[in-house]
$ cat entry_27.cif   # mmCIF, C-alpha atoms
data_run
#
loop_
_atom_site.label_atom_id
_atom_site.label_comp_id
_atom_site.auth_asym_id
_atom_site.auth_seq_id
_atom_site.Cartn_x
_atom_site.Cartn_y
_atom_site.Cartn_z
CA MET A 1 16.83 -28.79 17.30
CA SER A 2 16.11 -26.31 14.54
CA ARG A 3 16.51 -27.48 10.96
CA ILE A 4 16.79 -23.90 9.75
CA GLY A 5 19.44 -23.06 12.36
CA LYS A 6 21.72 -25.85 11.14
CA GLN A 7 22.00 -24.35 7.64
CA PRO A 8 24.85 -21.84 7.18
CA VAL A 9 24.10 -18.42 5.67
CA PRO A 10 26.15 -17.82 2.49
CA ILE A 11 27.80 -14.40 2.23
CA PRO A 12 27.73 -12.86 -1.30
CA GLU A 13 30.77 -11.15 -2.85
CA LYS A 14 30.01 -7.49 -2.02
CA VAL A 15 28.79 -8.13 1.55
CA LYS A 16 30.94 -7.69 4.66
CA VAL A 17 29.95 -9.34 7.98
CA ASP A 18 31.50 -8.28 11.32
CA ILE A 19 30.75 -10.11 14.59
CA GLN A 20 31.47 -8.67 18.05
CA ASP A 21 30.24 -11.04 20.82
CA THR A 22 26.53 -11.34 19.96
CA THR A 23 26.28 -8.22 17.76
CA VAL A 24 26.22 -8.86 14.02
CA ARG A 25 26.92 -6.03 11.58
CA VAL A 26 26.22 -6.63 7.88
CA GLU A 27 27.31 -4.07 5.29
CA GLY A 28 26.56 -4.25 1.57
CA PRO A 29 25.73 -2.21 -1.52
CA ARG A 30 22.32 -1.12 -0.20
CA GLY A 31 23.39 -0.10 3.30
CA LEU A 32 24.24 -1.27 6.79
CA VAL A 33 22.18 -3.36 9.26
CA GLN A 34 23.19 -4.16 12.83
CA LYS A 35 21.45 -6.43 15.35
CA THR A 36 22.28 -7.80 18.80
CA PHE A 37 21.17 -11.32 19.71
CA ALA A 38 20.62 -13.10 23.02
CA PRO A 39 23.85 -14.49 24.52
CA VAL A 40 22.59 -18.09 24.17
CA VAL A 41 23.97 -18.46 20.62
CA THR A 42 27.45 -18.40 19.11
CA ILE A 43 27.83 -16.75 15.72
CA THR A 44 30.95 -17.37 13.63
CA VAL A 45 32.11 -16.65 10.07
CA THR A 46 33.91 -19.49 8.28
CA ASP A 47 34.87 -19.43 4.58
CA LYS A 48 32.18 -17.00 3.32
CA LYS A 49 29.43 -18.52 5.49
CA VAL A 50 27.84 -17.46 8.79
CA VAL A 51 27.28 -20.37 11.18
CA VAL A 52 24.98 -20.12 14.22
CA ALA A 53 25.02 -22.66 17.07
CA PRO A 54 23.24 -22.80 20.44
CA ILE A 55 25.14 -22.57 23.74
CA GLY A 56 23.82 -25.32 25.98
CA ASP A 57 20.76 -27.46 25.45
CA THR A 58 18.01 -25.23 26.83
CA ARG A 59 14.69 -24.78 25.10
CA PHE A 60 15.33 -21.03 24.75
CA ALA A 61 18.79 -21.58 23.18
CA ASN A 62 17.37 -24.04 20.65
CA ALA A 63 14.59 -21.62 19.74
CA MET A 64 16.91 -18.63 19.47
CA TYR A 65 19.51 -20.18 17.23
CA GLY A 66 17.00 -20.87 14.47
CA THR A 67 15.64 -17.36 14.90
CA ALA A 68 19.12 -15.80 14.85
CA ARG A 69 20.06 -17.65 11.67
CA SER A 70 16.83 -16.54 9.98
CA ILE A 71 17.35 -12.89 10.99
CA ILE A 72 20.97 -12.95 9.76
CA ALA A 73 19.82 -14.39 6.40
CA GLY A 74 17.29 -11.54 6.20
CA MET A 75 20.01 -9.00 6.98
CA VAL A 76 22.20 -10.36 4.16
CA LYS A 77 19.25 -10.26 1.75
CA GLY A 78 18.39 -6.72 2.87
CA VAL A 79 21.83 -5.27 2.13
CA THR A 80 22.02 -6.99 -1.28
CA VAL A 81 18.45 -6.88 -2.66
CA GLY A 82 16.54 -4.74 -0.15
CA TYR A 83 12.94 -4.86 1.06
CA SER A 84 9.92 -2.87 -0.05
CA LYS A 85 6.23 -2.60 0.73
CA ASP A 86 3.59 -0.81 -1.31
CA LEU A 87 0.61 1.04 0.15
CA GLU A 88 -2.42 2.51 -1.58
CA ILE A 89 -4.70 5.24 -0.26
CA HIS A 90 -8.44 5.05 -0.99
CA GLY A 91 -10.87 7.87 -0.34
CA VAL A 92 -12.01 11.17 -1.83
CA GLY A 93 -9.40 13.84 -1.09
CA PHE A 94 -7.04 11.35 0.59
CA LYS A 95 -3.45 11.82 -0.58
CA ALA A 96 0.21 11.71 0.41
CA ILE A 97 2.95 14.27 -0.33
CA LEU A 98 6.68 14.09 0.40
CA LYS A 99 8.10 17.21 2.07
CA GLY A 100 11.83 16.70 2.55
CA LYS A 101 12.29 14.13 5.36
CA GLN A 102 8.56 14.14 6.21
CA LEU A 103 5.53 12.39 4.74
CA ASP A 104 2.44 14.62 4.69
CA LEU A 105 -0.77 12.59 4.75
CA ALA A 106 -4.20 14.15 4.11
CA LEU A 107 -6.61 11.48 5.36
CA GLY A 108 -9.85 13.35 5.97
CA TYR A 109 -8.95 14.69 9.40
CA SER A 110 -9.10 18.41 10.27
CA HIS A 111 -5.29 18.50 10.26
CA PRO A 112 -2.56 17.01 8.06
CA ILE A 113 -0.56 14.11 9.50
CA LEU A 114 3.19 14.75 9.35
CA MET A 115 5.32 11.65 9.79
CA ASP A 116 9.10 11.85 10.11
CA ILE A 117 10.88 9.35 7.85
CA PRO A 118 13.50 7.39 9.84
CA ASP A 119 17.09 6.99 8.62
CA GLY A 120 17.58 3.98 6.36
CA ILE A 121 14.09 4.26 4.84
CA LYS A 122 13.27 5.66 1.41
CA ILE A 123 9.67 6.61 0.64
CA THR A 124 8.38 7.41 -2.85
CA VAL A 125 4.89 8.71 -3.64
CA THR A 126 3.32 8.29 -7.08
CA ASP A 127 -0.05 9.67 -8.21
CA GLY A 128 -0.56 11.02 -4.67
CA THR A 129 -2.21 7.75 -3.63
CA ARG A 130 0.54 5.14 -3.99
CA VAL A 131 3.29 5.02 -1.38
CA LYS A 132 6.35 2.77 -1.62
CA VAL A 133 8.47 2.13 1.50
CA GLU A 134 11.99 0.78 0.80
CA GLY A 135 14.98 -0.09 2.97
CA CYS A 136 17.55 -2.72 3.88
CA ASP A 137 16.14 -3.52 7.36
CA LYS A 138 13.12 -5.81 7.04
CA GLN A 139 11.82 -5.01 10.53
CA LEU A 140 12.07 -1.24 10.02
CA VAL A 141 10.34 -1.35 6.61
CA GLY A 142 7.46 -3.32 8.15
CA ALA A 143 7.23 -1.00 11.17
CA VAL A 144 7.10 2.17 9.03
CA THR A 145 4.49 0.58 6.76
CA ALA A 146 2.39 -0.41 9.77
CA GLU A 147 2.67 3.09 11.23
CA ILE A 148 1.47 4.72 7.99
CA ARG A 149 -1.41 2.23 7.77
CA SER A 150 -2.38 2.84 11.42
CA TYR A 151 -3.25 6.52 10.74
CA TYR A 152 -6.38 5.44 8.85
CA PRO A 153 -6.84 1.64 8.53
CA PRO A 154 -9.29 0.55 5.82
CA GLU A 155 -12.86 0.66 7.07
CA PRO A 156 -15.38 -2.03 6.08
CA TYR A 157 -18.34 0.12 4.91
CA LYS A 158 -16.90 2.35 2.19
CA GLY A 159 -13.41 0.82 1.93
CA LYS A 160 -11.69 4.15 2.63
CA GLY A 161 -8.27 4.21 4.24
CA VAL A 162 -4.64 3.20 3.81
CA ARG A 163 -4.06 -0.42 2.82
CA ILE A 164 -1.16 -2.62 1.81
CA VAL A 165 -1.29 -3.54 -1.90
CA GLY A 166 -2.98 -6.92 -2.20
CA GLU A 167 -4.75 -6.65 1.18
CA ARG A 168 -8.37 -7.72 1.03
CA VAL A 169 -10.83 -5.60 2.95
CA ARG A 170 -14.02 -7.38 3.94
CA ARG A 171 -16.89 -5.10 3.07
CA LYS A 172 -20.04 -4.92 5.18
CA GLU A 173 -23.52 -4.01 4.12
CA GLY A 174 -24.79 -0.71 5.50
CA LYS A 175 -28.10 -0.07 7.22
CA THR A 176 -31.25 -0.78 5.22
CA VAL A 177 -34.47 1.16 5.58
CA ALA A 178 -37.37 -1.20 6.24
#
$ encode --input "entry_27.cif" --output "structure tokens"
Amino acid sequence: MSRIGKQPVPIPEKVKVDIQDTTVRVEGPRGLVQKTFAPVVTITVTDKKVVVAPIGDTRFANAMYGTARSIIAGMVKGVTVGYSKDLEIHGVGFKAILKGKQLDLALGYSHPILMDIPDGIKITVTDGTRVKVEGCDKQLVGAVTAEIRSYYPPEPYKGKGVRIVGERVRRKEGKTVA
């Protein structure tokens, strides 16, 4: 049995939670998040708390009810506080520019990289080299951050590339002439 799954998720004042079968919809001041869970858990709202319980005693049901409770707690946090990740771009001539609903990345390739910004995500660029990804869906913020980083991951010889703030890049020594 999951210890995390047994704990109810408190619902703050300005947050509204709707449950239809196994689909949970959480709406708050920062936006709306909706997720569908496996039909091995029951999700109920009782006196400003969301309670998750497994259906049956299968290993999958026990695993999923802790996971479902954790995801719902993240959804509530996302619509009240929000999530953000910061990226920094290293390299001569490497920069990012916002063009409407697209992020234009100049990362040393022969062409600019144009990335469409999905709905529910807000991107801000400062100094041309710092990118901040914000949103109320934790999974979507992480996926967009990973996609931006994947265009030019930090390389170990010169340290050029797109990295998450605080990420350590192991540097390697280059070739030496004997």
$ resolve_selection --input "entry_27.cif" --expression "the PyMOL selection byres ((chain A and resi 77-84) around 10)" --output "PyMOL selection string"
chain A and resi 11-16+26-33+71-76+85-86+121-123+132-142+145
$ resolve_selection --input "entry_27.cif" --expression "the PyMOL selection byres ((chain A and resi 162) around 6)" --output "PDB file with C-alpha atoms, in the frame of the given file"
ATOM      1  CA  GLU A  88      -2.420   2.510  -1.580  1.00  0.00           C
ATOM      2  CA  ILE A  89      -4.700   5.240  -0.260  1.00  0.00           C
ATOM      3  CA  ARG A 149      -1.410   2.230   7.770  1.00  0.00           C
ATOM      4  CA  TYR A 152      -6.380   5.440   8.850  1.00  0.00           C
ATOM      5  CA  PRO A 153      -6.840   1.640   8.530  1.00  0.00           C
ATOM      6  CA  PRO A 154      -9.290   0.550   5.820  1.00  0.00           C
ATOM      7  CA  GLY A 161      -8.270   4.210   4.240  1.00  0.00           C
ATOM      8  CA  ARG A 163      -4.060  -0.420   2.820  1.00  0.00           C
TER       9      ARG A 163
END
$ atom_distance --input "entry_27.cif" --atom1 "CA of Ile117 in chain A" --atom2 "CA of Lys35 in chain A"
20.4 Å
$ residues_around --input "entry_27.cif" --residues "range 39-51 of chain A" --least-positions-apart "3" --cutoff "12 Å" --atoms "only C-alpha atoms" --output "compact mmCIF listing (two decimals) with C-alpha atoms, in the coordinates of the input"
# COMPACT_ATOMS: atom_id res chain seq x y z
CA ILE A 4 16.79 -23.90 9.75
CA GLY A 5 19.44 -23.06 12.36
CA LYS A 6 21.72 -25.85 11.14
CA GLN A 7 22.00 -24.35 7.64
CA PRO A 8 24.85 -21.84 7.18
CA VAL A 9 24.10 -18.42 5.67
CA PRO A 10 26.15 -17.82 2.49
CA ILE A 11 27.80 -14.40 2.23
CA PRO A 12 27.73 -12.86 -1.30
CA GLU A 13 30.77 -11.15 -2.85
CA LYS A 14 30.01 -7.49 -2.02
CA VAL A 15 28.79 -8.13 1.55
CA LYS A 16 30.94 -7.69 4.66
CA VAL A 17 29.95 -9.34 7.98
CA ASP A 18 31.50 -8.28 11.32
CA ILE A 19 30.75 -10.11 14.59
CA GLN A 20 31.47 -8.67 18.05
CA ASP A 21 30.24 -11.04 20.82
CA THR A 22 26.53 -11.34 19.96
CA THR A 23 26.28 -8.22 17.76
CA VAL A 24 26.22 -8.86 14.02
CA ARG A 25 26.92 -6.03 11.58
CA VAL A 26 26.22 -6.63 7.88
CA THR A 36 22.28 -7.80 18.80
CA PRO A 54 23.24 -22.80 20.44
CA ILE A 55 25.14 -22.57 23.74
CA GLY A 56 23.82 -25.32 25.98
CA ASP A 57 20.76 -27.46 25.45
CA THR A 58 18.01 -25.23 26.83
CA ARG A 59 14.69 -24.78 25.10
CA PHE A 60 15.33 -21.03 24.75
CA ALA A 61 18.79 -21.58 23.18
CA ASN A 62 17.37 -24.04 20.65
CA ALA A 63 14.59 -21.62 19.74
CA MET A 64 16.91 -18.63 19.47
CA TYR A 65 19.51 -20.18 17.23
CA GLY A 66 17.00 -20.87 14.47
CA THR A 67 15.64 -17.36 14.90
CA ALA A 68 19.12 -15.80 14.85
CA ARG A 69 20.06 -17.65 11.67
CA SER A 70 16.83 -16.54 9.98
CA ILE A 71 17.35 -12.89 10.99
CA ILE A 72 20.97 -12.95 9.76
CA ALA A 73 19.82 -14.39 6.40
CA MET A 75 20.01 -9.00 6.98
CA VAL A 76 22.20 -10.36 4.16
$ closest_residue --input "entry_27.cif" --among "A:Leu105, A:Ala143, A:Ile97, A:Val92" --to "Pro118 in chain A" --atoms "only C-alpha atoms"
A:Ala143
$ closest_residue --input "entry_27.cif" --among "A:Tyr151, A:Tyr109, A:Ala96, A:Asp104" --to "Val125 in chain A" --atoms "all atoms listed in the file"
A:Ala96
$ closest_residue --input "entry_27.cif" --among "A:Ala38, A:Val169, A:Leu87, A:Ala146" --to "Thr129 in chain A" --atoms "only C-alpha atoms"
A:Leu87
$ closest_residue --input "entry_27.cif" --among "A:Arg171, A:Gly120, A:Val131, A:Met115" --to "Lys95 in chain A" --atoms "only C-alpha atoms"
A:Val131
$ atom_distance --input "entry_27.cif" --atom1 "CA of Pro156 in chain A" --atom2 "CA of Thr176 in chain A"
15.9 Å
$ atom_distance --input "entry_27.cif" --atom1 "CA of Asp119 in chain A" --atom2 "CA of Phe94 in chain A"
25.8 Å
$ axis_aligned_box --input "entry_27.cif" --around "range 83-87 of chain A" --padding-each-side "6 Å" --output "lines of an AutoDock Vina configuration file"
center_x = 6.8
center_y = -1.9
center_z = -0.1
size_x = 24.3
size_y = 17.9
size_z = 14.4
$ build_atoms --input "entry_27.cif" --residues "range 52-72 of chain A" --atoms "N, CA, C and O atoms" --output "CSV table (one decimal), in the coordinates of the input"
chain,number,residue,atom,x,y,z
A,52,VAL,N,25.6,-20.4,12.9
A,52,VAL,CA,25.0,-20.1,14.2
A,52,VAL,C,24.8,-21.4,15.0
A,52,VAL,O,24.4,-22.4,14.4
A,53,ALA,N,25.2,-21.4,16.3
A,53,ALA,CA,25.0,-22.7,17.1
A,53,ALA,C,24.5,-22.3,18.5
A,53,ALA,O,24.9,-21.2,19.0
A,54,PRO,N,23.7,-23.1,19.1
A,54,PRO,CA,23.2,-22.8,20.4
A,54,PRO,C,24.3,-23.1,21.5
A,54,PRO,O,25.2,-23.9,21.3
A,55,ILE,N,24.3,-22.3,22.6
A,55,ILE,CA,25.1,-22.6,23.7
A,55,ILE,C,24.3,-23.3,24.7
A,55,ILE,O,23.3,-22.8,25.2
A,56,GLY,N,24.6,-24.5,25.1
A,56,GLY,CA,23.8,-25.3,26.0
A,56,GLY,C,22.7,-26.0,25.2
A,56,GLY,O,22.5,-25.9,24.0
A,57,ASP,N,21.9,-26.7,26.0
A,57,ASP,CA,20.8,-27.5,25.4
A,57,ASP,C,19.4,-27.0,26.0
A,57,ASP,O,18.5,-27.9,26.3
A,58,THR,N,19.3,-25.7,26.3
A,58,THR,CA,18.0,-25.2,26.8
A,58,THR,C,17.0,-25.0,25.7
A,58,THR,O,17.4,-24.9,24.5
A,59,ARG,N,15.8,-25.0,26.1
A,59,ARG,CA,14.7,-24.8,25.1
A,59,ARG,C,14.8,-23.4,24.5
A,59,ARG,O,14.6,-23.2,23.3
A,60,PHE,N,15.2,-22.4,25.3
A,60,PHE,CA,15.3,-21.0,24.8
A,60,PHE,C,16.5,-20.9,23.8
A,60,PHE,O,16.4,-20.3,22.7
A,61,ALA,N,17.6,-21.6,24.1
A,61,ALA,CA,18.8,-21.6,23.2
A,61,ALA,C,18.5,-22.2,21.8
A,61,ALA,O,18.8,-21.7,20.8
A,62,ASN,N,17.8,-23.4,21.9
A,62,ASN,CA,17.4,-24.0,20.6
A,62,ASN,C,16.4,-23.2,19.8
A,62,ASN,O,16.5,-23.2,18.6
A,63,ALA,N,15.5,-22.5,20.5
A,63,ALA,CA,14.6,-21.6,19.7
A,63,ALA,C,15.3,-20.4,19.1
A,63,ALA,O,15.1,-20.0,18.0
A,64,MET,N,16.2,-19.8,19.9
A,64,MET,CA,16.9,-18.6,19.5
A,64,MET,C,17.9,-18.9,18.4
A,64,MET,O,18.2,-18.0,17.6
A,65,TYR,N,18.5,-20.0,18.3
A,65,TYR,CA,19.5,-20.2,17.2
A,65,TYR,C,18.9,-20.3,15.8
A,65,TYR,O,19.5,-19.8,14.9
A,66,GLY,N,17.7,-20.9,15.7
A,66,GLY,CA,17.0,-20.9,14.5
A,66,GLY,C,16.5,-19.5,14.1
A,66,GLY,O,16.6,-19.0,13.0
A,67,THR,N,16.1,-18.7,15.1
A,67,THR,CA,15.6,-17.4,14.9
A,67,THR,C,16.8,-16.5,14.5
A,67,THR,O,16.7,-15.7,13.6
A,68,ALA,N,17.9,-16.6,15.2
A,68,ALA,CA,19.1,-15.8,14.8
A,68,ALA,C,19.6,-16.1,13.4
A,68,ALA,O,19.9,-15.1,12.7
A,69,ARG,N,19.6,-17.3,13.0
A,69,ARG,CA,20.1,-17.6,11.7
A,69,ARG,C,19.1,-17.0,10.6
A,69,ARG,O,19.5,-16.5,9.6
A,70,SER,N,17.8,-17.1,10.9
A,70,SER,CA,16.8,-16.5,10.0
A,70,SER,C,17.0,-15.0,9.9
A,70,SER,O,16.9,-14.4,8.8
A,71,ILE,N,17.2,-14.3,11.0
A,71,ILE,CA,17.4,-12.9,11.0
A,71,ILE,C,18.6,-12.5,10.2
A,71,ILE,O,18.6,-11.5,9.5
A,72,ILE,N,19.7,-13.2,10.5
A,72,ILE,CA,21.0,-13.0,9.8
A,72,ILE,C,20.8,-13.1,8.2
A,72,ILE,O,21.3,-12.3,7.5
